[in-house]
Amino acid sequence: MLQVCLNGPRTAADSGAVPMSPAALAEAARQAVAAGADDIHVHPKTPCGRDSLSPRVVGPVLEAIRAVVDVPVGVTTGAWAEPDPGRRAARVASWTVLPDHASVNWHEPGAESVAAALLERGIGVEAGIWSGSAGAELFARSVSAPRVLRVLAEVRDTDARTAAGTARTLLAALSAAAPAGPRPPVLLHGEDGGAWPVLRLAGERGLAGRIGIEDTLLLPDGTPGASNAELVVAARRFGLRPSRT
């Protein structure tokens with residue numbers, strides 16, 4: 001499975017290629033799916049560019065994207081969008097339009113309550129496990145672990161020379177800390193300088209991968225990517241063949 005991450009916490013100040021509005025995100029999603037993306041991850045934003053979990057922000061983005069694509073669409077629940085754990089879970093409970101899945105960073109305070117709120121509403125949980133964090137150990141002890149949709153293994157090492165090694169260490173930690181029973185599938189991805197080396201490793205390991213403007217603004221040759229779709233096309237050369245093609 002190849003997921004496209006349309007924008008992340010980036011804004012227009014980072015690049016003119018970052019889609020922000022519901023209409024721009026929908027068009028970016030349409031192009032990325034046409035290029036071969038199987039799944040979408042998006043950060044709904046306020047008009048001023050701030051990530052938001054408000055139903056008045058999340059709903060219009062989901063509706064706009066679903067009007068033009070027929071693949072699963074997920075959102076973030078990152079603590080930067082709503083620092084208070086209780087309010088974060090309450091935001092999930094207030095959503096009037098539901099995503100197919102949402103990422104929960106397991107090292108963040110309140111991860112368990114946010115995951116429980118998502119599962120209660122029938123929303124799939126992507127368990128975000130960051131390299132260099134206690135996420136793997138916390139996830140292994142989580143009551144929600146057997147119910148997650150997938151593990152989102154996030155390599156925070158942005159050095160192209162070392163990111164793949166950091167990814168291998170993270171995968172080993174996830175394997176060692178895995179809870180008993182069936183293991184959820186793993187989606188492996190990196191960011192900035194580490195994005196392409198980690199994506200190559202995901203292809204070599206037969207894991208799901210992710211690419212998009214959230215993870216990198218550059219193509220593998222270091223030139224700026226003009227769109228999410230262009231990044232998806234480039235991902236095919238890293239052993240990730242989207243299932244829709």
# chains A, B, ... in the order shown; residues from 1 in each chain; ligands from 1
>>> closest_atom_pairs(of="region 51-152 of chain A", to="region 186-210 of chain A", cutoff="6 Å", atoms="only C-alpha atoms", output="Markdown table")
| residue | atom | partner | partner_atom | distance |
| --- | --- | --- | --- | --- |
| A:Arg150 | CA | A:Val186 | CA | 5.7 |
| A:Val151 | CA | A:Val186 | CA | 4.7 |
| A:Leu152 | CA | A:Leu187 | CA | 5.0 |
>>> write_last_selection(atoms="N, CA and C atoms", output="mmCIF file, in the first residue's frame")
data_model
loop_
_atom_site.group_PDB
_atom_site.id
_atom_site.type_symbol
_atom_site.label_atom_id
_atom_site.label_comp_id
_atom_site.auth_asym_id
_atom_site.auth_seq_id
_atom_site.Cartn_x
_atom_site.Cartn_y
_atom_site.Cartn_z
ATOM 1 N N ARG A 150 -3.045 -0.190 11.599
ATOM 2 C CA ARG A 150 -1.656 -0.407 11.214
ATOM 3 C C ARG A 150 -0.753 0.372 12.141
ATOM 4 N N VAL A 151 0.520 0.036 12.104
ATOM 5 C CA VAL A 151 1.556 0.806 12.789
ATOM 6 C C VAL A 151 2.195 1.742 11.769
ATOM 7 N N LEU A 152 2.264 3.008 12.123
ATOM 8 C CA LEU A 152 2.889 4.012 11.277
ATOM 9 C C LEU A 152 4.284 4.260 11.850
#
>>> residues_around(residues="His101 (chain A)", least_positions_apart="6", cutoff="7 Å", atoms="only C-alpha atoms", output="PyMOL selection string")
chain A and resi 73-75+123-126
>>> write_last_selection(atoms="C-alpha atoms", output="compact mmCIF listing (two decimals), in the first residue's frame")
# COMPACT_ATOMS: atom_id res chain seq x y z
CA VAL A 73 -8.85 9.12 3.77
CA GLY A 74 -7.19 9.68 7.15
CA VAL A 75 -6.35 12.68 9.31
CA ILE A 123 -12.46 4.99 12.92
CA GLY A 124 -9.30 3.03 12.14
CA VAL A 125 -6.23 3.89 14.21
CA GLU A 126 -2.76 4.31 12.74
>>> residues_around(residues="region 11-28 of chain A", least_positions_apart="5", cutoff="8 Å", atoms="only C-alpha atoms", output="PDB file with C-alpha atoms, in the first residue's frame")
ATOM      1  CA  LEU A   6      -0.720  15.689   1.183  1.00  0.00           C
ATOM      2  CA  PRO A  44      -7.066  19.775   7.859  1.00  0.00           C
ATOM      3  CA  LYS A  45      -6.178  23.435   8.383  1.00  0.00           C
ATOM      4  CA  PRO A  47      -7.776  29.551   6.914  1.00  0.00           C
ATOM      5  CA  GLY A  49      -2.851  27.564   8.064  1.00  0.00           C
ATOM      6  CA  PRO A  60     -15.224  20.176   4.756  1.00  0.00           C
ATOM      7  CA  VAL A  61     -11.793  18.726   3.961  1.00  0.00           C
ATOM      8  CA  LEU A  62     -13.055  15.138   4.084  1.00  0.00           C
ATOM      9  CA  ALA A  64     -14.074  17.775  -0.641  1.00  0.00           C
ATOM     10  CA  ILE A  65     -11.574  14.926  -0.981  1.00  0.00           C
ATOM     11  CA  ARG A  66     -14.209  12.198  -1.048  1.00  0.00           C
ATOM     12  CA  ALA A  67     -16.047  14.008  -3.819  1.00  0.00           C
ATOM     13  CA  VAL A  68     -13.141  13.296  -6.168  1.00  0.00           C
ATOM     14  CA  ILE A 213       4.688  16.912   0.600  1.00  0.00           C
ATOM     15  CA  LEU A 217       9.532  18.737  -0.776  1.00  0.00           C
ATOM     16  CA  GLY A 225       8.737  18.378  -6.384  1.00  0.00           C
ATOM     17  CA  ALA A 226       5.960  20.278  -8.116  1.00  0.00           C
ATOM     18  CA  SER A 227       3.147  18.243  -6.556  1.00  0.00           C
ATOM     19  CA  ASN A 228       2.190  15.248  -4.462  1.00  0.00           C
ATOM     20  CA  ALA A 229       1.416  13.383  -7.670  1.00  0.00           C
TER      21      ALA A 229
END
>>> closest_atom_pairs(of="region 28-101 of chain A", to="region 105-110 of chain A", cutoff="8 Å", atoms="only C-alpha atoms", output="JSON lines")
{"residue": "A:Thr77", "atom": "CA", "partner": "A:Asn105", "partner_atom": "CA", "distance": 7.8}
{"residue": "A:Gly78", "atom": "CA", "partner": "A:Asn105", "partner_atom": "CA", "distance": 6.6}
{"residue": "A:Ala79", "atom": "CA", "partner": "A:Glu108", "partner_atom": "CA", "distance": 6.9}
{"residue": "A:Pro85", "atom": "CA", "partner": "A:Gly110", "partner_atom": "CA", "distance": 4.7}
{"residue": "A:Gly86", "atom": "CA", "partner": "A:Gly110", "partner_atom": "CA", "distance": 7.2}
>>> write_last_selection(atoms="C-alpha atoms", output="mmCIF file, in the first residue's frame")
data_model
loop_
_atom_site.group_PDB
_atom_site.id
_atom_site.type_symbol
_atom_site.label_atom_id
_atom_site.label_comp_id
_atom_site.auth_asym_id
_atom_site.auth_seq_id
_atom_site.Cartn_x
_atom_site.Cartn_y
_atom_site.Cartn_z
ATOM 1 C CA THR A 77 -4.646 13.813 15.746
ATOM 2 C CA GLY A 78 -1.223 15.260 16.581
ATOM 3 C CA ALA A 79 -0.913 17.025 19.906
ATOM 4 C CA PRO A 85 -5.421 15.333 25.739
ATOM 5 C CA GLY A 86 -8.981 15.571 27.040
#
>>> residues_around(residues="Ser52 (chain A)", least_positions_apart="6", cutoff="8 Å", atoms="only C-alpha atoms", output="PDB file with N, CA, C and O atoms, in the first residue's frame")
ATOM      1  N   HIS A  43      -3.762  16.793   6.797  1.00  0.00           N
ATOM      2  CA  HIS A  43      -3.887  17.656   7.970  1.00  0.00           C
ATOM      3  C   HIS A  43      -4.873  18.775   7.634  1.00  0.00           C
ATOM      4  O   HIS A  43      -4.503  19.738   6.951  1.00  0.00           O
ATOM      5  N   PRO A  44      -6.124  18.673   8.078  1.00  0.00           N
ATOM      6  CA  PRO A  44      -7.066  19.775   7.859  1.00  0.00           C
ATOM      7  C   PRO A  44      -6.571  21.040   8.553  1.00  0.00           C
ATOM      8  O   PRO A  44      -6.060  20.989   9.679  1.00  0.00           O
ATOM      9  N   LYS A  45      -6.736  22.190   7.874  1.00  0.00           N
ATOM     10  CA  LYS A  45      -6.178  23.435   8.383  1.00  0.00           C
ATOM     11  C   LYS A  45      -7.212  24.555   8.424  1.00  0.00           C
ATOM     12  O   LYS A  45      -8.131  24.608   7.600  1.00  0.00           O
ATOM     13  N   THR A  46      -7.019  25.453   9.370  1.00  0.00           N
ATOM     14  CA  THR A  46      -7.819  26.667   9.427  1.00  0.00           C
ATOM     15  C   THR A  46      -7.395  27.582   8.280  1.00  0.00           C
ATOM     16  O   THR A  46      -6.346  27.377   7.659  1.00  0.00           O
ATOM     17  N   VAL A  58     -12.365  19.802   9.877  1.00  0.00           N
ATOM     18  CA  VAL A  58     -12.170  18.431   9.402  1.00  0.00           C
ATOM     19  C   VAL A  58     -13.240  18.041   8.379  1.00  0.00           C
ATOM     20  O   VAL A  58     -12.929  17.470   7.327  1.00  0.00           O
ATOM     21  N   ALA A  81      -1.996  20.029  17.196  1.00  0.00           N
ATOM     22  CA  ALA A  81      -3.284  20.560  16.746  1.00  0.00           C
ATOM     23  C   ALA A  81      -4.219  20.844  17.920  1.00  0.00           C
ATOM     24  O   ALA A  81      -5.073  21.731  17.823  1.00  0.00           O
ATOM     25  N   GLU A  82      -4.066  20.079  19.013  1.00  0.00           N
ATOM     26  CA  GLU A  82      -4.850  20.284  20.233  1.00  0.00           C
ATOM     27  C   GLU A  82      -4.047  19.716  21.396  1.00  0.00           C
ATOM     28  O   GLU A  82      -4.084  18.516  21.660  1.00  0.00           O
TER      29      GLU A  82
END
>>> select_by_dssp(residues="region 46-224 of chain A", states="strand (DSSP E)", output="list in words")
Val73, Gly74, Val75, Thr76, His101, Ala102, Ser103, Val104, Asn105, Gly124, Val125, Glu126, Ala127, Gly128, Ile129, Trp130, Arg150, Val151, Leu152, Ala153, Glu154, Val186, Leu187, Leu188, His189, Ala208, Gly209, Arg210 and Ile211 of chain A
